[in-house]
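**Q** Please see the structure below; I have some questions.
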Amino acid sequence: MNNTILTCFVVDDSSIQRLAIVKMIEGHPNLRLIGEFSNAIETKIALKEQAVALIFLDIEMPILNGFDLLDDITEKPGVIFVTGQTKYAFKAFDYAAIDYLQKPIKKDRFLYAVERAILAQKMKTELIEDRGEFIFVKSNLKKRKVYLKELKYIQALGDYVKLITDEDNLIVLSTMKSFESTLPEEDFLRIHKSYIVNLRKVEKFNSKAVELSNEVLPLSRNRKSELVEALSQF
């Protein structure tokens, strides 16, 4: 028996349609209803307070439609679109929808969509576990997830710090001291007043510099012994 539990929101401006979906959710052992909403605005507010794994989302709603809602949120849950129109099916693929159910919903299609949602959640969980620990940082007014395995080094930039990862660079309003106390000391070391390095990314070093992925960072004279000791654990 699959023990995956998906927390859910139901969003539909029709109370009758919401009730129909709610009953199906309550009868499914792998789904747990957290809230139901008649419009996208209430849903957006609720998502700031309570993250969920899955939204059963109507498209045609007043003020903000289902697509508008997804455009307005950063951390997007899994989405199963529920609508009376077939014309939006192609656009739904642009939003990486798990499934697209047409009203009135047939139970077998509902169960199939939920199976797909459970599989997507398991794949997401496995990916997160594979990528390991992460931190959230605020960059360009958005919260960004940074996996520690992918963080190469941190550079001081006045009142800001620059995070260099395997994929991109982020500028964050923070201090080196703050990051030094946050990052696991067995994996990260401050090698210079302006640099913290991921020890697992170090490829070469000498008395003056540390090299990683074709980048050379300065090494303070009084930090060399700490670097040698830290690297010896690997």
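By order in the structure tokens, chains are A, B, ...; within a chain, residues start at 1; ligands start at 1, following the order shown.
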For Lys76 of chain A, please output as a PyMOL selection string all residues within 10 Å (counting only C-alpha atoms; exclusion window: fewer than 2 positions along the same chain).
**A** chain A and resi 47+51-55+69-74+78-79+95
**Q** What lies within 6 Å of Ala209 of chain A using only C-alpha atoms, ignoring chain neighbours under 2 positions off, as a ChimeraX atom specification?
**A** /A:205-206,217-219
**Q** Name all residues at most 12 Å from Ser207 of chain A (count only C-alpha atoms; drop same-chain ones fewer than 3 positions away) and give them as a list in words.
**A**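 The residues satisfying every condition are Ile191, Lys204, Val210, Glu211, Leu217, Pro218, Leu219, Ser220, Arg221, Asn222, Arg223, Lys224, Ser225, Glu226, Leu227 and Val228 of chain A.
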**Q** Any idea what the distance is between atom CA of Glu36 of chain A and atom CA of Ala89 of chain A?
**A** 23.0 Å
**Q** Report, in Å to a single decimal, how far apart atom CA of Ala96 of chain A and atom CA of Glu133 of chain A are.
**A** 25.1 Å
**Q** What lies within 9 Å of segment 61-68 of chain A using only C-alpha atoms, ignoring chain neighbours under 2 positions off, as number ranges by chain?
**A** A: 11-13, 38-41, 57-59, 70-72, 81, 92, 95
**Q** Print the selection's residues with N, CA, C and O atoms to a file, as a PDB file, in the first residue's frame.
**A**
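Below you can see part.pdb, which holds the result:
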ATOM      1  N   VAL A  11      -9.694  24.747  -5.407  1.00  0.00           N
ATOM      2  CA  VAL A  11      -9.983  26.130  -5.783  1.00  0.00           C
ATOM      3  C   VAL A  11     -10.962  26.129  -6.952  1.00  0.00           C
ATOM      4  O   VAL A  11     -10.624  25.714  -8.058  1.00  0.00           O
ATOM      5  N   ASP A  12     -12.174  26.599  -6.692  1.00  0.00           N
ATOM      6  CA  ASP A  12     -13.210  26.640  -7.730  1.00  0.00           C
ATOM      7  C   ASP A  12     -14.278  27.630  -7.286  1.00  0.00           C
ATOM      8  O   ASP A  12     -14.696  27.623  -6.124  1.00  0.00           O
ATOM      9  N   ASP A  13     -14.725  28.496  -8.193  1.00  0.00           N
ATOM     10  CA  ASP A  13     -15.739  29.483  -7.821  1.00  0.00           C
ATOM     11  C   ASP A  13     -17.139  28.882  -7.745  1.00  0.00           C
ATOM     12  O   ASP A  13     -18.078  29.535  -7.303  1.00  0.00           O
ATOM     13  N   SER A  38     -12.926  29.805  -3.061  1.00  0.00           N
ATOM     14  CA  SER A  38     -13.784  30.141  -4.195  1.00  0.00           C
ATOM     15  C   SER A  38     -13.104  31.070  -5.185  1.00  0.00           C
ATOM     16  O   SER A  38     -13.668  31.364  -6.238  1.00  0.00           O
ATOM     17  N   ASN A  39     -11.899  31.550  -4.858  1.00  0.00           N
ATOM     18  CA  ASN A  39     -11.210  32.451  -5.774  1.00  0.00           C
ATOM     19  C   ASN A  39      -9.700  32.369  -5.592  1.00  0.00           C
ATOM     20  O   ASN A  39      -9.197  31.852  -4.581  1.00  0.00           O
ATOM     21  N   ALA A  40      -8.984  32.902  -6.583  1.00  0.00           N
ATOM     22  CA  ALA A  40      -7.526  32.813  -6.591  1.00  0.00           C
ATOM     23  C   ALA A  40      -6.878  33.724  -5.558  1.00  0.00           C
ATOM     24  O   ALA A  40      -5.801  33.416  -5.052  1.00  0.00           O
ATOM     25  N   ILE A  41      -7.518  34.840  -5.247  1.00  0.00           N
ATOM     26  CA  ILE A  41      -6.929  35.787  -4.296  1.00  0.00           C
ATOM     27  C   ILE A  41      -6.823  35.168  -2.912  1.00  0.00           C
ATOM     28  O   ILE A  41      -5.779  35.252  -2.248  1.00  0.00           O
ATOM     29  N   LEU A  57      -7.328  22.858  -9.313  1.00  0.00           N
ATOM     30  CA  LEU A  57      -7.489  24.264  -9.659  1.00  0.00           C
ATOM     31  C   LEU A  57      -8.402  24.489 -10.862  1.00  0.00           C
ATOM     32  O   LEU A  57      -8.139  23.990 -11.964  1.00  0.00           O
ATOM     33  N   ASP A  58      -9.467  25.249 -10.642  1.00  0.00           N
ATOM     34  CA  ASP A  58     -10.320  25.698 -11.736  1.00  0.00           C
ATOM     35  C   ASP A  58      -9.571  26.775 -12.524  1.00  0.00           C
ATOM     36  O   ASP A  58      -8.700  27.463 -11.982  1.00  0.00           O
ATOM     37  N   ILE A  59      -9.888  26.937 -13.782  1.00  0.00           N
ATOM     38  CA  ILE A  59      -9.211  27.949 -14.596  1.00  0.00           C
ATOM     39  C   ILE A  59     -10.046  29.219 -14.709  1.00  0.00           C
ATOM     40  O   ILE A  59      -9.556  30.321 -14.436  1.00  0.00           O
ATOM     41  N   LEU A  70      -1.093  30.945 -10.717  1.00  0.00           N
ATOM     42  CA  LEU A  70       0.202  30.279 -10.805  1.00  0.00           C
ATOM     43  C   LEU A  70       1.316  31.241 -11.201  1.00  0.00           C
ATOM     44  O   LEU A  70       2.462  31.100 -10.765  1.00  0.00           O
ATOM     45  N   ASP A  71       0.980  32.238 -12.005  1.00  0.00           N
ATOM     46  CA  ASP A  71       1.970  33.247 -12.389  1.00  0.00           C
ATOM     47  C   ASP A  71       2.401  34.085 -11.194  1.00  0.00           C
ATOM     48  O   ASP A  71       3.510  34.633 -11.184  1.00  0.00           O
ATOM     49  N   ASP A  72       1.538  34.187 -10.186  1.00  0.00           N
ATOM     50  CA  ASP A  72       1.781  35.072  -9.051  1.00  0.00           C
ATOM     51  C   ASP A  72       2.477  34.395  -7.875  1.00  0.00           C
ATOM     52  O   ASP A  72       2.804  35.062  -6.893  1.00  0.00           O
ATOM     53  N   PHE A  81      -5.515  20.661 -13.083  1.00  0.00           N
ATOM     54  CA  PHE A  81      -6.528  21.604 -13.533  1.00  0.00           C
ATOM     55  C   PHE A  81      -7.880  20.894 -13.633  1.00  0.00           C
ATOM     56  O   PHE A  81      -7.969  19.744 -14.091  1.00  0.00           O
ATOM     57  N   ALA A  92      -2.168  24.366 -20.481  1.00  0.00           N
ATOM     58  CA  ALA A  92      -1.875  23.744 -19.189  1.00  0.00           C
ATOM     59  C   ALA A  92      -0.503  23.083 -19.186  1.00  0.00           C
ATOM     60  O   ALA A  92       0.169  23.014 -18.149  1.00  0.00           O
ATOM     61  N   TYR A  95       2.371  25.012 -17.858  1.00  0.00           N
ATOM     62  CA  TYR A  95       2.443  25.142 -16.404  1.00  0.00           C
ATOM     63  C   TYR A  95       2.794  23.811 -15.738  1.00  0.00           C
ATOM     64  O   TYR A  95       2.638  23.661 -14.529  1.00  0.00           O
TER      65      TYR A  95
END
**Q** Fewer than 4 positions away in the same chain doesn't count, so skip those; otherwise give me all residues within 8 Å of Val161 of chain A, counting only C-alpha atoms, as a PDB file with C-alpha atoms, in the first residue's frame.
**A**
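Output (result16.pdb):
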ATOM      1  CA  ILE A 154      30.771  32.786  -1.177  1.00  0.00           C
ATOM      2  CA  GLN A 155      32.374  36.155  -1.827  1.00  0.00           C
ATOM      3  CA  ALA A 156      32.040  39.325   0.239  1.00  0.00           C
ATOM      4  CA  LEU A 157      30.751  42.398  -1.618  1.00  0.00           C
ATOM      5  CA  ILE A 171      23.566  38.477  -4.749  1.00  0.00           C
ATOM      6  CA  VAL A 172      22.247  38.464  -1.163  1.00  0.00           C
ATOM      7  CA  LEU A 173      21.999  41.222   1.442  1.00  0.00           C
ATOM      8  CA  SER A 174      23.907  39.572   4.274  1.00  0.00           C
ATOM      9  CA  THR A 175      27.293  39.275   5.965  1.00  0.00           C
ATOM     10  CA  MET A 176      30.057  36.717   5.710  1.00  0.00           C
TER      11      MET A 176
END
